[in-house]
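J.: As input, take run_31.cif (mmCIF, C-alpha atoms):
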data_entry
#
loop_
_atom_site.label_atom_id
_atom_site.label_comp_id
_atom_site.auth_asym_id
_atom_site.auth_seq_id
_atom_site.Cartn_x
_atom_site.Cartn_y
_atom_site.Cartn_z
CA MET A 767 0.00 0.00 0.00
CA VAL A 768 1.34 3.43 -0.92
CA ARG A 769 -0.04 6.45 0.88
CA ALA A 770 0.23 10.17 0.30
CA TRP A 771 -0.04 12.32 3.41
CA PRO A 772 -2.27 13.76 4.68
CA GLY A 773 -4.94 11.13 4.56
CA ARG A 774 -5.36 10.33 0.89
CA VAL A 775 -4.82 6.72 -0.12
CA GLU A 776 -2.84 6.62 -3.37
CA SER A 777 -2.97 2.88 -3.99
CA MET A 778 -4.27 -0.16 -2.17
CA LYS A 779 -5.21 -3.73 -2.96
CA VAL A 780 -8.98 -4.09 -3.04
CA LEU A 781 -10.91 -7.35 -3.26
CA VAL A 782 -14.33 -6.91 -4.85
CA THR A 783 -17.20 -9.28 -4.18
CA GLU A 784 -20.83 -8.93 -5.25
CA SER A 785 -24.33 -10.01 -4.34
CA VAL A 786 -25.40 -10.70 -7.95
CA PRO A 787 -23.44 -11.59 -11.10
CA ALA A 788 -21.50 -8.76 -12.76
CA ALA A 789 -22.43 -6.22 -10.07
CA GLY A 790 -18.77 -5.65 -9.24
CA THR A 791 -17.54 -5.11 -12.80
CA VAL A 792 -18.11 -1.36 -13.12
CA PRO A 793 -17.20 -0.47 -9.50
CA GLY A 794 -14.07 -2.59 -9.84
CA ALA A 795 -13.12 -0.74 -13.02
CA MET A 796 -13.67 2.59 -11.26
CA LEU A 797 -11.37 1.55 -8.42
CA ALA A 798 -8.73 0.42 -10.91
CA LEU A 799 -8.94 3.74 -12.77
CA ASP A 800 -8.46 5.46 -9.42
CA GLY A 801 -5.11 3.70 -9.15
CA HIS A 802 -5.94 0.71 -6.98
CA ASN A 803 -4.91 -2.91 -7.50
CA VAL A 804 -8.28 -4.65 -7.86
CA VAL A 805 -8.92 -8.39 -7.60
CA PHE A 806 -12.24 -10.22 -7.68
CA CYS A 807 -13.97 -13.09 -5.94
CA HIS A 808 -15.61 -13.67 -9.34
CA PRO A 809 -13.10 -12.71 -12.07
CA ALA A 810 -14.65 -11.91 -15.44
CA GLY A 811 -14.70 -15.00 -17.64
CA ALA A 812 -13.72 -17.38 -14.84
CA ASP A 813 -15.73 -20.59 -14.63
CA VAL A 814 -16.31 -21.30 -10.96
CA GLY A 815 -18.93 -23.97 -11.62
CA PRO A 816 -21.18 -24.56 -8.61
CA ALA A 817 -18.69 -22.92 -6.24
CA PRO A 818 -19.64 -19.54 -4.71
CA CYS A 819 -16.29 -17.97 -5.62
CA ILE A 820 -12.98 -18.51 -7.38
CA GLY A 821 -11.30 -19.59 -4.15
CA LEU A 822 -13.58 -22.63 -3.79
CA ALA A 823 -13.64 -23.51 -7.49
CA VAL A 824 -11.66 -26.49 -8.77
CA GLY A 825 -8.12 -25.27 -9.39
CA GLY A 826 -8.97 -21.81 -8.06
CA ARG A 827 -6.98 -19.69 -5.63
CA CYS A 828 -8.51 -17.32 -3.10
CA PRO A 829 -7.20 -13.77 -3.61
CA LEU A 830 -7.78 -12.95 0.07
CA ARG A 831 -4.28 -13.81 1.20
CA PRO A 832 -3.27 -12.87 4.77
CA GLY A 833 -1.81 -9.38 4.90
CA GLU A 834 -2.13 -8.80 1.15
CA VAL A 835 -5.59 -7.24 0.80
CA ASP A 836 -6.19 -3.80 2.29
CA LEU A 837 -9.96 -3.67 1.85
CA VAL A 838 -12.82 -5.95 0.78
CA VAL A 839 -15.67 -4.20 -1.03
CA ASP A 840 -19.08 -5.89 -1.20
CA ILE A 841 -21.13 -4.49 -4.09
CA ARG A 842 -24.89 -4.72 -3.47
CA PRO A 843 -26.87 -3.04 -6.27
CA ALA A 844 -30.27 -3.85 -4.76
CA PRO A 845 -31.73 -4.45 -1.29
CA GLY A 846 -32.21 -8.03 -0.23
CA PRO A 847 -30.87 -10.86 1.88
CA PHE A 848 -27.29 -12.07 1.95
CA THR A 849 -26.33 -14.25 -1.01
CA MET A 850 -23.65 -16.92 -1.23
CA ARG A 851 -22.12 -15.00 -4.11
CA GLU A 852 -20.95 -12.36 -1.62
CA ALA A 853 -19.33 -14.95 0.64
CA GLY A 854 -16.13 -12.91 0.33
CA ALA A 855 -17.67 -10.40 2.72
CA MET A 856 -17.90 -13.08 5.40
CA CYS A 857 -14.34 -14.14 4.61
CA ALA A 858 -13.29 -10.54 5.26
CA VAL A 859 -14.91 -10.64 8.69
CA ARG A 860 -13.36 -14.02 9.47
CA THR A 861 -9.85 -12.91 8.53
CA GLY A 862 -10.10 -9.46 10.09
CA THR A 863 -9.77 -7.70 6.73
CA PRO A 864 -11.59 -4.35 6.63
CA LEU A 865 -14.98 -4.61 4.89
CA LEU A 866 -16.86 -1.87 3.06
CA ILE A 867 -20.44 -2.40 1.85
CA ALA A 868 -21.47 -0.39 -1.21
CA GLY A 869 -25.26 -0.40 -1.31
CA ARG A 870 -27.95 -1.50 1.12
CA PRO A 871 -26.63 -3.98 3.72
CA PRO A 872 -28.19 -7.45 3.50
CA THR A 873 -31.46 -7.80 5.36
CA GLY A 874 -31.58 -10.20 8.28
CA SER A 875 -27.81 -10.03 8.68
CA THR A 876 -25.36 -8.39 11.08
CA LEU A 877 -22.86 -7.81 8.27
CA ALA A 878 -23.27 -4.02 8.45
CA GLU A 879 -22.15 -4.09 12.08
CA GLU A 880 -18.92 -5.79 11.02
CA ALA A 881 -18.21 -3.34 8.19
CA VAL A 882 -15.95 -0.34 8.70
CA GLU A 883 -18.03 1.66 6.24
CA VAL A 884 -21.39 1.48 4.44
CA CYS A 885 -21.96 3.79 1.49
CA GLU A 886 -23.96 4.35 -1.66
CA GLN A 887 -22.32 3.06 -4.82
CA ASP A 888 -21.73 6.56 -6.18
CA GLU A 889 -19.76 7.32 -3.00
CA LEU A 890 -17.49 4.29 -3.35
CA LEU A 891 -14.17 5.97 -4.16
CA ALA A 892 -14.44 8.53 -1.37
CA ALA A 893 -15.65 5.90 1.10
CA CYS A 894 -12.68 3.63 0.34
CA ALA A 895 -10.25 6.47 0.96
CA LYS A 896 -12.01 7.43 4.19
CA ALA A 897 -12.15 3.87 5.51
CA VAL A 898 -8.40 3.26 5.37
CA ALA A 899 -7.17 6.82 5.98
CA PRO A 900 -4.61 7.18 8.80
CA THR A 901 -7.29 8.67 11.06
CA GLY A 902 -10.07 6.47 9.69
CA PRO A 903 -12.03 3.58 11.22
CA VAL A 904 -9.70 0.80 10.06
CA VAL A 905 -6.66 2.23 11.80
CA ARG A 906 -8.67 3.26 14.87
CA ARG A 907 -10.05 -0.26 15.19
CA ALA A 908 -6.52 -1.68 15.05
CA VAL A 909 -5.42 0.60 17.89
CA ILE A 910 -8.50 -0.22 19.99
CA GLU A 911 -7.92 -3.96 19.58
CA ALA A 912 -4.28 -3.56 20.62
CA VAL A 913 -4.92 -1.61 23.82
CA ALA A 914 -8.15 -3.39 24.84
CA PRO A 915 -6.48 -6.39 26.56
CA ILE A 916 -4.35 -4.08 28.71
CA ALA A 917 -7.34 -1.90 29.57
CA ARG A 918 -9.41 -4.96 30.50
CA ARG A 919 -6.79 -5.98 33.04
CA LEU A 920 -7.47 -2.62 34.68
CA GLY A 921 -11.22 -3.17 34.52
CA GLU A 922 -11.53 -0.41 31.93
CA THR A 923 -12.66 0.21 28.36
CA ALA A 924 -10.22 2.53 26.64
CA ASP A 925 -11.46 5.32 24.40
CA VAL A 926 -9.27 5.98 21.34
CA ARG A 927 -9.14 9.10 19.20
CA LEU A 928 -6.85 9.84 16.25
CA LEU A 929 -6.06 13.45 15.40
CA ASP A 930 -4.00 14.77 12.49
CA VAL A 931 -1.87 17.75 13.49
CA GLU A 932 0.25 19.09 10.63
CA GLY A 933 1.04 15.68 9.17
CA THR A 934 1.56 13.82 12.43
CA VAL A 935 -1.20 11.66 13.87
CA HIS A 936 -1.66 11.98 17.61
CA ILE A 937 -3.12 8.86 19.21
CA TYR A 938 -5.10 9.65 22.35
CA VAL A 939 -6.02 6.75 24.62
CA SER A 940 -8.34 7.80 27.45
CA LEU A 941 -8.79 5.90 30.72
CA LEU A 942 -11.02 6.53 33.72
CA ASN A 943 -8.39 5.69 36.32
CA ASP A 944 -4.74 6.54 36.72
CA PRO A 945 -2.57 3.43 36.13
CA ASP A 946 1.07 3.13 37.15
CA ASP A 947 3.85 4.28 34.86
CA VAL A 948 4.66 0.77 33.59
CA VAL A 949 1.10 0.20 32.41
CA ILE A 950 0.99 3.65 30.84
CA GLU A 951 4.07 2.83 28.79
CA ASP A 952 2.61 -0.57 27.83
CA ILE A 953 -0.56 1.09 26.52
CA ARG A 954 1.32 3.87 24.78
CA ARG A 955 3.62 1.40 23.05
CA ALA A 956 0.78 -0.96 22.07
CA ALA A 957 -1.16 1.94 20.54
CA TRP A 958 1.84 3.22 18.60
CA LEU A 959 2.80 -0.23 17.31
CA ALA A 960 -0.75 -0.99 16.19
CA PHE A 961 -0.98 2.32 14.36
CA THR A 962 2.40 1.82 12.71
CA ARG A 963 1.49 -1.67 11.52
CA ALA A 964 -1.91 -0.55 10.23
CA THR A 965 -0.37 2.28 8.22
CA ARG A 966 2.66 0.21 7.17
CA GLY A 967 4.98 2.65 8.93
CA ARG A 968 4.38 5.41 6.41
CA VAL A 969 2.74 7.89 8.77
CA GLN A 970 4.42 9.54 11.74
CA ALA A 971 2.53 9.15 15.00
CA VAL A 972 2.77 10.02 18.68
CA SER A 973 0.71 8.26 21.35
CA HIS A 974 -0.68 9.86 24.50
CA ILE A 975 -2.53 8.61 27.57
CA ALA A 976 -5.25 10.79 29.09
CA VAL A 977 -6.80 10.05 32.48
CA ARG A 978 -10.42 11.16 32.71
CA THR A 979 -11.17 12.33 36.25
CA LYS A 980 -14.58 13.51 37.43
CA SER A 981 -13.87 17.09 36.43
CA THR A 982 -11.19 16.98 33.76
CA SER A 983 -9.01 14.93 31.43
CA ARG A 984 -5.36 14.92 32.43
CA PRO A 985 -2.70 13.89 29.85
CA ARG A 986 0.14 11.59 30.82
#
With the file now loaded, output its structure as structure tokens.
T.:
Amino acid sequence: MVRAWPGRVESMKVLVTESVPAAGTVPGAMLALDGHNVVFCHPAGADVGPAPCIGLAVGGRCPLRPGEVDLVVDIRPAPGPFTMREAGAMCAVRTGTPLLIAGRPPTGSTLAEEAVEVCEQDELLAACAKAVAPTGPVVRRAVIEAVAPIARRLGETADVRLLDVEGTVHIYVSLLNDPDDVVIEDIRRAAWLAFTRATRGRVQAVSHIAVRTKSTSRPR
């Protein structure tokens, strides 16, 4: 993934899946024209037979390789229930790959709750950039997941905010109680490492701990 700062994603690898045949063709082409490396669960012209995707077809290979795909986009041109053709969306959830739904989320499903972004199809390019921006939901989720185990040991739920200040992202982790210095450094380091991994080390960041007292928030 190559990023231009501040915030705009120059190029990323996007896996496109779809609820009905050919729904991902035009959106995939738009993403490619925008400079992204686009792969498909249902490549044009590929014969997957009775399989729901190329990865489960005879002789096929799943494009959702660990650490290789930045974003999975589920194209849903019409409302309706989840279809097996968009199984790639569930694979995204299972592997922890960020998921964006373009269109109405499937009815009777919790898929929208797992997605980092839901948008209309004409908002796709902007939504993709927003989802994986250095201060966007994908990176914030990575930081939250990294600091959550430490916070749980304190009986807390950490609040995480990402703020861009002149090209440097400041990571603010807020706690209700004042932990000791060792724990503070553990949380600060976990937050910084998670951010650095999520942005592939291409964005400068500084992490901070804030203790929320009854009357104020005190930085550490």
J.: Applied to the shown file, which residues does the PyMOL selection byres ((chain A and resi 795-805) around 8) return, written as a PyMOL selection string?
T.: chain A and resi 776-782+791-794+806-807+809+829+891
J.: Evaluated on this file, the PyMOL selection byres ((chain A and resi 937-940) around 6) picks out some residues - which ones are they, written as a list of chain:residue names?
T.: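 Written out, the selection comes to A:Ala924, A:Asp925, A:Val926, A:Arg927, A:Leu928, A:His936, A:Leu941, A:Ser973, A:His974, A:Ile975, A:Ala976, A:Val977.
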J.: Given the selection you just returned, output its residues as a file containing C-alpha atoms, formatted as a PDB file, in the coordinates of the input.
T.:
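As written to disk, part-v8.pdb reads:
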ATOM      1  CA  ALA A 924     -10.220   2.530  26.640  1.00  0.00           C
ATOM      2  CA  ASP A 925     -11.460   5.320  24.400  1.00  0.00           C
ATOM      3  CA  VAL A 926      -9.270   5.980  21.340  1.00  0.00           C
ATOM      4  CA  ARG A 927      -9.140   9.100  19.200  1.00  0.00           C
ATOM      5  CA  LEU A 928      -6.850   9.840  16.250  1.00  0.00           C
ATOM      6  CA  HIS A 936      -1.660  11.980  17.610  1.00  0.00           C
ATOM      7  CA  LEU A 941      -8.790   5.900  30.720  1.00  0.00           C
ATOM      8  CA  SER A 973       0.710   8.260  21.350  1.00  0.00           C
ATOM      9  CA  HIS A 974      -0.680   9.860  24.500  1.00  0.00           C
ATOM     10  CA  ILE A 975      -2.530   8.610  27.570  1.00  0.00           C
ATOM     11  CA  ALA A 976      -5.250  10.790  29.090  1.00  0.00           C
ATOM     12  CA  VAL A 977      -6.800  10.050  32.480  1.00  0.00           C
TER      13      VAL A 977
END
J.: Could you check the closest approach to Pro818 in chain A for each of A:Arg954, A:Arg851, A:Arg831, A:Lys896 and tell me which residue wins, using all atoms listed in the file?
T.: A:Arg851
J.: Can you list, as a ChimeraX atom specification, the residues that the PyMOL selection byres ((chain A and resi 808) around 12) selects here?
T.: /A:781-791,794,804-807,809-815,817-823,826-829,840-841,850-854
J.: Which residue, A:Leu929, A:Val838, A:Val913, A:Ile867, has the smallest gap to Ile950 in chain A when you use only C-alpha atoms?
T.: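 Checking each of A:Leu929, A:Val838, A:Val913, A:Ile867 against Ile950 in chain A, counting only C-alpha atoms, the winner is A:Val913.
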J.: Would you please work out which residue, of A:Gln970, A:Thr901, A:Thr962, A:Thr849, is nearest to Gly874 in chain A when using only C-alpha atoms?
T.: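 Comparing A:Gln970, A:Thr901, A:Thr962, A:Thr849 against Gly874 in chain A, the winner is A:Thr849.
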J.: Measuring between all atoms listed in the file, which one of A:Ala914, A:Leu890, A:Pro871, A:Leu877 shows the shortest distance to Ala855 in chain A?
T.: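 Smallest separation from Ala855 in chain A among the options: A:Leu877.
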J.: Go ahead and compute the interatomic distance for CA of Trp958 in chain A and CA of Val884 in chain A, in Å to one decimal.
T.: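 Between CA of Trp958 in chain A and CA of Val884 in chain A the gap works out to 27.3 Å.
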J.: How far is it from CA of Ala960 in chain A to CA of Arg907 in chain A, in Å with one decimal?
T.: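 CA of Arg907 in chain A lies at a distance of 9.4 Å from CA of Ala960 in chain A.
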J.: Rank A:Leu866, A:Ala956, A:Val972, A:Val859 by their smallest atom-to-atom distance to Ala892 in chain A, using only C-alpha atoms, and report the top residue only.
T.: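 Using only C-alpha atoms, the shortest distance to Ala892 in chain A belongs to A:Leu866.
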J.: What would range 776-790 of chain A look like with N, CA, C and O atoms in place, written as an mmCIF file, in the coordinates of the input?
T.:
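After the write, selection_24.cif holds the following:
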data_model
loop_
_atom_site.group_PDB
_atom_site.id
_atom_site.type_symbol
_atom_site.label_atom_id
_atom_site.label_comp_id
_atom_site.auth_asym_id
_atom_site.auth_seq_id
_atom_site.Cartn_x
_atom_site.Cartn_y
_atom_site.Cartn_z
ATOM 1 N N GLU A 776 -3.229 6.598 -1.968
ATOM 2 C CA GLU A 776 -2.840 6.620 -3.370
ATOM 3 C C GLU A 776 -3.123 5.273 -4.034
ATOM 4 O O GLU A 776 -3.599 5.215 -5.147
ATOM 5 N N SER A 777 -2.777 4.188 -3.384
ATOM 6 C CA SER A 777 -2.970 2.880 -3.990
ATOM 7 C C SER A 777 -3.139 1.837 -2.908
ATOM 8 O O SER A 777 -2.421 1.843 -1.910
ATOM 9 N N MET A 778 -4.092 0.949 -3.095
ATOM 10 C CA MET A 778 -4.270 -0.160 -2.170
ATOM 11 C C MET A 778 -4.806 -1.354 -2.937
ATOM 12 O O MET A 778 -5.300 -1.225 -4.058
ATOM 13 N N LYS A 779 -4.683 -2.521 -2.334
ATOM 14 C CA LYS A 779 -5.210 -3.730 -2.960
ATOM 15 C C LYS A 779 -6.620 -3.954 -2.451
ATOM 16 O O LYS A 779 -6.852 -4.096 -1.248
ATOM 17 N N VAL A 780 -7.565 -3.981 -3.375
ATOM 18 C CA VAL A 780 -8.980 -4.090 -3.040
ATOM 19 C C VAL A 780 -9.541 -5.377 -3.631
ATOM 20 O O VAL A 780 -9.365 -5.651 -4.822
ATOM 21 N N LEU A 781 -10.208 -6.151 -2.796
ATOM 22 C CA LEU A 781 -10.910 -7.350 -3.260
ATOM 23 C C LEU A 781 -12.389 -7.024 -3.391
ATOM 24 O O LEU A 781 -13.022 -6.587 -2.433
ATOM 25 N N VAL A 782 -12.926 -7.225 -4.583
ATOM 26 C CA VAL A 782 -14.330 -6.910 -4.850
ATOM 27 C C VAL A 782 -15.152 -8.188 -4.890
ATOM 28 O O VAL A 782 -14.821 -9.138 -5.608
ATOM 29 N N THR A 783 -16.217 -8.209 -4.105
ATOM 30 C CA THR A 783 -17.200 -9.280 -4.180
ATOM 31 C C THR A 783 -18.546 -8.645 -4.504
ATOM 32 O O THR A 783 -18.674 -7.421 -4.548
ATOM 33 N N GLU A 784 -19.563 -9.467 -4.735
ATOM 34 C CA GLU A 784 -20.830 -8.930 -5.250
ATOM 35 C C GLU A 784 -21.981 -9.826 -4.852
ATOM 36 O O GLU A 784 -21.809 -11.033 -4.675
ATOM 37 N N SER A 785 -23.157 -9.228 -4.725
ATOM 38 C CA SER A 785 -24.330 -10.010 -4.340
ATOM 39 C C SER A 785 -25.001 -10.684 -5.524
ATOM 40 O O SER A 785 -25.685 -11.695 -5.361
ATOM 41 N N VAL A 786 -24.821 -10.124 -6.725
ATOM 42 C CA VAL A 786 -25.400 -10.700 -7.950
ATOM 43 C C VAL A 786 -24.345 -10.667 -9.045
ATOM 44 O O VAL A 786 -23.421 -9.843 -9.005
ATOM 45 N N PRO A 787 -24.454 -11.540 -10.043
ATOM 46 C CA PRO A 787 -23.440 -11.590 -11.100
ATOM 47 C C PRO A 787 -23.224 -10.253 -11.800
ATOM 48 O O PRO A 787 -24.175 -9.524 -12.091
ATOM 49 N N ALA A 788 -21.962 -9.938 -12.019
ATOM 50 C CA ALA A 788 -21.500 -8.760 -12.760
ATOM 51 C C ALA A 788 -21.688 -7.443 -12.020
ATOM 52 O O ALA A 788 -21.319 -6.386 -12.538
ATOM 53 N N ALA A 789 -22.216 -7.471 -10.798
ATOM 54 C CA ALA A 789 -22.430 -6.220 -10.070
ATOM 55 C C ALA A 789 -21.122 -5.505 -9.754
ATOM 56 O O ALA A 789 -21.082 -4.279 -9.648
ATOM 57 N N GLY A 790 -20.045 -6.263 -9.605
ATOM 58 C CA GLY A 790 -18.770 -5.650 -9.240
ATOM 59 C C GLY A 790 -17.931 -5.177 -10.403
ATOM 60 O O GLY A 790 -16.881 -4.561 -10.195
#
